[in-house]
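Asker: Just my_file-v8.cif, nothing more (mmCIF, C-alpha atoms, pLDDT in the B column; chains and numbers go by the auth columns):
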data_data
#
loop_
_atom_site.group_PDB
_atom_site.id
_atom_site.type_symbol
_atom_site.label_atom_id
_atom_site.label_comp_id
_atom_site.label_asym_id
_atom_site.label_seq_id
_atom_site.Cartn_x
_atom_site.Cartn_y
_atom_site.Cartn_z
_atom_site.B_iso_or_equiv
_atom_site.auth_seq_id
_atom_site.auth_asym_id
ATOM 1 C CA MET A 1 7.396 -11.469 -17.738 62.00 1 A
ATOM 2 C CA THR A 2 3.851 -11.040 -16.427 77.00 2 A
ATOM 3 C CA ASP A 3 4.709 -8.128 -14.107 82.00 3 A
ATOM 4 C CA PRO A 4 2.850 -5.087 -15.505 84.00 4 A
ATOM 5 C CA ASP A 5 5.581 -2.651 -14.436 80.00 5 A
ATOM 6 C CA ARG A 6 8.251 -4.748 -16.145 84.00 6 A
ATOM 7 C CA LEU A 7 6.141 -5.016 -19.315 87.00 7 A
ATOM 8 C CA ARG A 8 5.535 -1.245 -19.308 85.00 8 A
ATOM 9 C CA PHE A 9 9.280 -0.603 -18.958 85.00 9 A
ATOM 10 C CA GLU A 10 10.024 -2.976 -21.838 89.00 10 A
ATOM 11 C CA LEU A 11 7.416 -1.224 -23.974 89.00 11 A
ATOM 12 C CA TYR A 12 8.830 2.232 -23.239 85.00 12 A
ATOM 13 C CA ALA A 13 12.391 1.063 -23.899 87.00 13 A
ATOM 14 C CA GLY A 14 11.249 -0.510 -27.182 90.00 14 A
ATOM 15 C CA VAL A 15 9.426 2.639 -28.282 88.00 15 A
ATOM 16 C CA PHE A 16 12.487 4.739 -27.435 83.00 16 A
ATOM 17 C CA ALA A 17 14.693 2.338 -29.427 87.00 17 A
ATOM 18 C CA LEU A 18 12.324 2.558 -32.405 89.00 18 A
ATOM 19 C CA LEU A 19 12.382 6.353 -32.246 84.00 19 A
ATOM 20 C CA THR A 20 16.162 6.496 -32.145 85.00 20 A
ATOM 21 C CA ASP A 21 16.412 4.028 -35.038 88.00 21 A
ATOM 22 C CA ALA A 22 13.944 6.088 -37.074 87.00 22 A
ATOM 23 C CA LEU A 23 15.926 9.231 -36.311 84.00 23 A
ATOM 24 C CA ALA A 24 19.175 7.535 -37.326 85.00 24 A
ATOM 25 C CA ILE A 25 17.698 6.475 -40.658 88.00 25 A
ATOM 26 C CA SER A 26 16.132 9.866 -41.435 87.00 26 A
ATOM 27 C CA ALA A 27 19.091 12.031 -40.360 84.00 27 A
ATOM 28 C CA ASP A 28 21.273 13.428 -43.151 86.00 28 A
ATOM 29 C CA SER A 29 24.381 13.824 -41.004 88.00 29 A
ATOM 30 C CA ASP A 30 25.818 12.825 -37.678 87.00 30 A
ATOM 31 C CA ASP A 31 25.430 16.373 -36.399 90.00 31 A
ATOM 32 C CA GLU A 32 21.734 16.399 -37.264 89.00 32 A
ATOM 33 C CA LEU A 33 21.310 12.969 -35.654 87.00 33 A
ATOM 34 C CA GLU A 34 23.048 14.162 -32.499 90.00 34 A
ATOM 35 C CA ARG A 35 20.886 17.293 -32.370 90.00 35 A
ATOM 36 C CA ARG A 36 17.655 15.353 -32.856 87.00 36 A
ATOM 37 C CA LEU A 37 18.647 12.645 -30.357 85.00 37 A
ATOM 38 C CA SER A 38 19.516 15.335 -27.809 89.00 38 A
ATOM 39 C CA ALA A 39 16.112 16.946 -28.322 88.00 39 A
ATOM 40 C CA LEU A 40 14.418 13.567 -27.927 81.00 40 A
ATOM 41 C CA LEU A 41 16.404 12.818 -24.791 84.00 41 A
ATOM 42 C CA ARG A 42 15.479 16.198 -23.282 88.00 42 A
ATOM 43 C CA THR A 43 11.832 15.442 -23.972 85.00 43 A
ATOM 44 C CA VAL A 44 12.111 12.060 -22.261 79.00 44 A
ATOM 45 C CA GLU A 45 13.981 13.600 -19.322 86.00 45 A
ATOM 46 C CA THR A 46 11.158 16.105 -18.759 89.00 46 A
ATOM 47 C CA VAL A 47 8.902 13.160 -17.899 84.00 47 A
ATOM 48 C CA GLU A 48 11.290 11.851 -15.231 84.00 48 A
ATOM 49 C CA PRO A 49 10.106 14.116 -12.356 87.00 49 A
ATOM 50 C CA THR A 50 6.515 13.067 -12.992 87.00 50 A
ATOM 51 C CA LEU A 51 7.516 9.413 -12.925 82.00 51 A
ATOM 52 C CA ARG A 52 9.507 9.941 -9.718 87.00 52 A
ATOM 53 C CA PHE A 53 6.512 11.635 -8.091 89.00 53 A
ATOM 54 C CA ASP A 54 4.250 8.786 -9.180 87.00 54 A
ATOM 55 C CA LEU A 55 6.702 6.270 -7.737 86.00 55 A
ATOM 56 C CA PHE A 56 6.825 8.269 -4.488 91.00 56 A
ATOM 57 C CA GLU A 57 3.019 8.280 -4.305 92.00 57 A
ATOM 58 C CA LYS A 58 2.823 4.542 -4.918 90.00 58 A
ATOM 59 C CA ARG A 59 5.479 3.883 -2.281 91.00 59 A
ATOM 60 C CA SER A 60 3.628 6.111 0.195 94.00 60 A
ATOM 61 C CA ASN A 61 0.375 4.268 -0.457 93.00 61 A
ATOM 62 C CA VAL A 62 2.073 0.915 0.071 92.00 62 A
ATOM 63 C CA GLU A 63 3.615 2.111 3.343 95.00 63 A
ATOM 64 C CA ARG A 64 0.249 3.430 4.576 95.00 64 A
ATOM 65 C CA THR A 65 -1.496 0.201 3.650 94.00 65 A
ATOM 66 C CA GLU A 66 1.211 -1.819 5.396 95.00 66 A
ATOM 67 C CA LEU A 67 0.901 0.347 8.523 94.00 67 A
ATOM 68 C CA VAL A 68 -2.882 -0.037 8.567 95.00 68 A
ATOM 69 C CA ALA A 69 -2.552 -3.809 8.133 94.00 69 A
ATOM 70 C CA ARG A 70 -0.006 -4.008 10.959 94.00 70 A
ATOM 71 C CA MET A 71 -2.174 -1.895 13.262 94.00 71 A
ATOM 72 C CA ARG A 72 -5.236 -3.961 12.394 93.00 72 A
ATOM 73 C CA GLY A 73 -3.262 -7.120 13.192 92.00 73 A
ATOM 74 C CA ARG A 74 -2.307 -5.683 16.587 92.00 74 A
ATOM 75 C CA ASP A 75 -5.899 -4.668 17.197 92.00 75 A
ATOM 76 C CA ILE A 76 -7.070 -8.202 16.453 91.00 76 A
ATOM 77 C CA ALA A 77 -4.352 -9.669 18.675 90.00 77 A
ATOM 78 C CA VAL A 78 -5.334 -7.399 21.575 89.00 78 A
ATOM 79 C CA THR A 79 -8.998 -8.220 21.082 89.00 79 A
ATOM 80 C CA GLN A 80 -8.426 -11.967 20.944 88.00 80 A
ATOM 81 C CA GLY A 81 -5.627 -12.157 23.498 91.00 81 A
ATOM 82 C CA TRP A 82 -6.864 -9.777 26.156 90.00 82 A
ATOM 83 C CA MET A 83 -10.251 -8.181 25.570 92.00 83 A
ATOM 84 C CA ILE A 84 -12.318 -11.279 24.824 92.00 84 A
ATOM 85 C CA PRO A 85 -10.924 -13.307 27.776 93.00 85 A
ATOM 86 C CA ARG A 86 -11.452 -10.279 30.037 94.00 86 A
ATOM 87 C CA LEU A 87 -15.052 -9.909 28.855 94.00 87 A
ATOM 88 C CA ARG A 88 -15.671 -13.622 29.460 95.00 88 A
ATOM 89 C CA GLU A 89 -14.348 -13.256 33.018 96.00 89 A
ATOM 90 C CA ASP A 90 -16.569 -10.213 33.568 96.00 90 A
ATOM 91 C CA ILE A 91 -19.604 -12.066 32.211 97.00 91 A
ATOM 92 C CA LEU A 92 -18.929 -15.001 34.554 96.00 92 A
ATOM 93 C CA ALA A 93 -18.577 -12.594 37.498 96.00 93 A
ATOM 94 C CA TYR A 94 -21.851 -10.832 36.623 97.00 94 A
ATOM 95 C CA ARG A 95 -23.653 -14.167 36.234 97.00 95 A
ATOM 96 C CA ALA A 96 -22.389 -15.200 39.670 96.00 96 A
ATOM 97 C CA ARG A 97 -23.638 -11.900 41.138 97.00 97 A
ATOM 98 C CA ILE A 98 -27.011 -12.330 39.443 97.00 98 A
ATOM 99 C CA GLN A 99 -27.326 -15.852 40.859 97.00 99 A
ATOM 100 C CA ALA A 100 -26.391 -14.609 44.331 96.00 100 A
ATOM 101 C CA LEU A 101 -28.938 -11.772 44.115 96.00 101 A
ATOM 102 C CA GLU A 102 -31.628 -14.155 42.870 96.00 102 A
ATOM 103 C CA ALA A 103 -30.866 -16.510 45.758 94.00 103 A
ATOM 104 C CA VAL A 104 -31.182 -13.633 48.279 94.00 104 A
ATOM 105 C CA LEU A 105 -34.461 -12.513 46.672 94.00 105 A
ATOM 106 C CA GLN A 106 -35.828 -16.059 46.810 93.00 106 A
ATOM 107 C CA ARG A 107 -34.910 -16.394 50.485 92.00 107 A
ATOM 108 C CA ARG A 108 -36.579 -13.075 51.292 92.00 108 A
ATOM 109 C CA SER A 109 -39.754 -13.926 49.416 88.00 109 A
ATOM 110 C CA ALA A 110 -39.997 -17.368 50.993 78.00 110 A
#
Here is a file; write its structure as structure tokens.
Answerer:
Amino acid sequence: MTDPDRLRFELYAGVFALLTDALAISADSDDELERRLSALLRTVETVEPTLRFDLFEKRSNVERTELVARMRGRDIAVTQGWMIPRLREDILAYRARIQALEAVLQRRSA
């Protein structure tokens, strides 16, 4: 019961239950209770599109974050698996060329 979304849902459901109980106690007749409960339900239902949009936004953010994490993981894998070994090979090749050029320069100056 430590999930904030679950706790928020329980709170909203509890508040709604308290409101309906208060309406049931204060209503003079079943018709009045039905009318007031219908009005309350319409009010709650007007919030639903906003909640759906918020859920859509949260889902979209999660999907974007997941995509970025996946792409970053691929980027790291390419860097570690291909780029770094390739750079090491290139560095070794350039060092060998430098040594060969230095040897030629030494022979010419001698």
Asker: Step by step, gather every atom of region 16-23 of chain A that the file lists, find the box along x, y and z that holds them, add 6 Å on each side, and finally give centre and edge lengths in Å to one decimal, as AutoDock Vina command-line options.
Answerer:
--center_x 14.4 --center_y 5.8 --center_z -32.3 --size_x 16.1 --size_y 18.9 --size_z 21.6
Asker: Excluding Thr20 (chain A) and any residue of its chain fewer than 6 positions from it, enumerate the residues within 12 Å of it, using all atoms listed in the file, and give them as a PDB file with C-alpha atoms, in the frame of the given file.
Answerer:
ATOM      1  CA  ALA A  13      12.391   1.063 -23.899  1.00 87.00           C
ATOM      2  CA  GLY A  14      11.249  -0.510 -27.182  1.00 90.00           C
ATOM      3  CA  SER A  26      16.132   9.866 -41.435  1.00 87.00           C
ATOM      4  CA  ALA A  27      19.091  12.031 -40.360  1.00 84.00           C
ATOM      5  CA  LEU A  33      21.310  12.969 -35.654  1.00 87.00           C
ATOM      6  CA  GLU A  34      23.048  14.162 -32.499  1.00 90.00           C
ATOM      7  CA  ARG A  35      20.886  17.293 -32.370  1.00 90.00           C
ATOM      8  CA  ARG A  36      17.655  15.353 -32.856  1.00 87.00           C
ATOM      9  CA  LEU A  37      18.647  12.645 -30.357  1.00 85.00           C
ATOM     10  CA  SER A  38      19.516  15.335 -27.809  1.00 89.00           C
ATOM     11  CA  ALA A  39      16.112  16.946 -28.322  1.00 88.00           C
ATOM     12  CA  LEU A  40      14.418  13.567 -27.927  1.00 81.00           C
ATOM     13  CA  LEU A  41      16.404  12.818 -24.791  1.00 84.00           C
TER      14      LEU A  41
END
Asker: Between CA of Asn61 (chain A) and CA of Arg8 (chain A), what is the spacing in Å?
Answerer: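 Answer for the CA of Arg8 (chain A) to CA of Asn61 (chain A) separation: 20.3 Å.
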Asker: Would you compute the distance between CA of Val78 (chain A) and CA of Arg64 (chain A)? Give it in Å to one decimal.
Answerer: 20.9 Å
Asker: In Å to one decimal, how far is CA of Val62 (chain A) from CA of Pro4 (chain A)?
Answerer: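 Calculated distance between CA of Pro4 (chain A) and CA of Val62 (chain A) is 16.7 Å.
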Asker: Give me the residues near Phe16 (chain A) as a PDB file with C-alpha atoms, in the coordinates of the input, where near means some atom within 12 Å (using all atoms listed in the file) and where sequence neighbours in that chain fewer than 5 positions away do not count.
Answerer:
ATOM      1  CA  PHE A   9       9.280  -0.603 -18.958  1.00 85.00           C
ATOM      2  CA  GLU A  10      10.024  -2.976 -21.838  1.00 89.00           C
ATOM      3  CA  LEU A  11       7.416  -1.224 -23.974  1.00 89.00           C
ATOM      4  CA  ASP A  21      16.412   4.028 -35.038  1.00 88.00           C
ATOM      5  CA  ALA A  22      13.944   6.088 -37.074  1.00 87.00           C
ATOM      6  CA  LEU A  23      15.926   9.231 -36.311  1.00 84.00           C
ATOM      7  CA  LEU A  37      18.647  12.645 -30.357  1.00 85.00           C
ATOM      8  CA  LEU A  40      14.418  13.567 -27.927  1.00 81.00           C
ATOM      9  CA  LEU A  41      16.404  12.818 -24.791  1.00 84.00           C
ATOM     10  CA  THR A  43      11.832  15.442 -23.972  1.00 85.00           C
ATOM     11  CA  VAL A  44      12.111  12.060 -22.261  1.00 79.00           C
TER      12      VAL A  44
END
Asker: N, CA, C and O atoms are needed for region 52-67 of chain A; please write them out as an mmCIF file, in the frame of the given file.
Answerer:
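New file selection27.cif:
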data_model
loop_
_atom_site.group_PDB
_atom_site.id
_atom_site.type_symbol
_atom_site.label_atom_id
_atom_site.label_comp_id
_atom_site.auth_asym_id
_atom_site.auth_seq_id
_atom_site.Cartn_x
_atom_site.Cartn_y
_atom_site.Cartn_z
ATOM 1 N N ARG A 52 8.993 10.034 -11.090
ATOM 2 C CA ARG A 52 9.507 9.941 -9.718
ATOM 3 C C ARG A 52 8.406 10.257 -8.710
ATOM 4 O O ARG A 52 8.287 9.608 -7.679
ATOM 5 N N PHE A 53 7.606 11.286 -8.992
ATOM 6 C CA PHE A 53 6.512 11.635 -8.091
ATOM 7 C C PHE A 53 5.505 10.497 -8.015
ATOM 8 O O PHE A 53 5.027 10.155 -6.928
ATOM 9 N N ASP A 54 5.189 9.908 -9.158
ATOM 10 C CA ASP A 54 4.250 8.786 -9.180
ATOM 11 C C ASP A 54 4.796 7.621 -8.366
ATOM 12 O O ASP A 54 4.061 6.989 -7.600
ATOM 13 N N LEU A 55 6.073 7.337 -8.514
ATOM 14 C CA LEU A 55 6.702 6.270 -7.737
ATOM 15 C C LEU A 55 6.645 6.595 -6.249
ATOM 16 O O LEU A 55 6.351 5.723 -5.421
ATOM 17 N N PHE A 56 6.908 7.842 -5.883
ATOM 18 C CA PHE A 56 6.825 8.269 -4.488
ATOM 19 C C PHE A 56 5.415 8.063 -3.946
ATOM 20 O O PHE A 56 5.227 7.567 -2.830
ATOM 21 N N GLU A 57 4.409 8.454 -4.721
ATOM 22 C CA GLU A 57 3.019 8.280 -4.305
ATOM 23 C C GLU A 57 2.671 6.804 -4.108
ATOM 24 O O GLU A 57 2.028 6.434 -3.127
ATOM 25 N N LYS A 58 3.107 5.976 -5.044
ATOM 26 C CA LYS A 58 2.823 4.542 -4.918
ATOM 27 C C LYS A 58 3.501 3.972 -3.688
ATOM 28 O O LYS A 58 2.918 3.189 -2.946
ATOM 29 N N ARG A 59 4.752 4.356 -3.453
ATOM 30 C CA ARG A 59 5.479 3.883 -2.281
ATOM 31 C C ARG A 59 4.779 4.339 -0.998
ATOM 32 O O ARG A 59 4.646 3.581 -0.045
ATOM 33 N N SER A 60 4.330 5.587 -0.980
ATOM 34 C CA SER A 60 3.628 6.111 0.195
ATOM 35 C C SER A 60 2.340 5.340 0.456
ATOM 36 O O SER A 60 2.016 5.016 1.600
ATOM 37 N N ASN A 61 1.615 5.044 -0.608
ATOM 38 C CA ASN A 61 0.375 4.268 -0.457
ATOM 39 C C ASN A 61 0.658 2.874 0.083
ATOM 40 O O ASN A 61 -0.080 2.371 0.938
ATOM 41 N N VAL A 62 1.709 2.250 -0.412
ATOM 42 C CA VAL A 62 2.073 0.915 0.071
ATOM 43 C C VAL A 62 2.444 0.973 1.548
ATOM 44 O O VAL A 62 2.014 0.117 2.341
ATOM 45 N N GLU A 63 3.218 1.978 1.940
ATOM 46 C CA GLU A 63 3.615 2.111 3.343
ATOM 47 C C GLU A 63 2.405 2.350 4.234
ATOM 48 O O GLU A 63 2.305 1.775 5.317
ATOM 49 N N ARG A 64 1.466 3.188 3.782
ATOM 50 C CA ARG A 64 0.249 3.430 4.576
ATOM 51 C C ARG A 64 -0.579 2.170 4.706
ATOM 52 O O ARG A 64 -1.074 1.849 5.791
ATOM 53 N N THR A 65 -0.728 1.437 3.609
ATOM 54 C CA THR A 65 -1.496 0.201 3.650
ATOM 55 C C THR A 65 -0.844 -0.814 4.584
ATOM 56 O O THR A 65 -1.527 -1.490 5.356
ATOM 57 N N GLU A 66 0.485 -0.902 4.517
ATOM 58 C CA GLU A 66 1.211 -1.819 5.396
ATOM 59 C C GLU A 66 1.029 -1.426 6.864
ATOM 60 O O GLU A 66 0.806 -2.277 7.727
ATOM 61 N N LEU A 67 1.082 -0.129 7.157
ATOM 62 C CA LEU A 67 0.901 0.347 8.523
ATOM 63 C C LEU A 67 -0.505 0.026 9.024
ATOM 64 O O LEU A 67 -0.677 -0.451 10.150
#
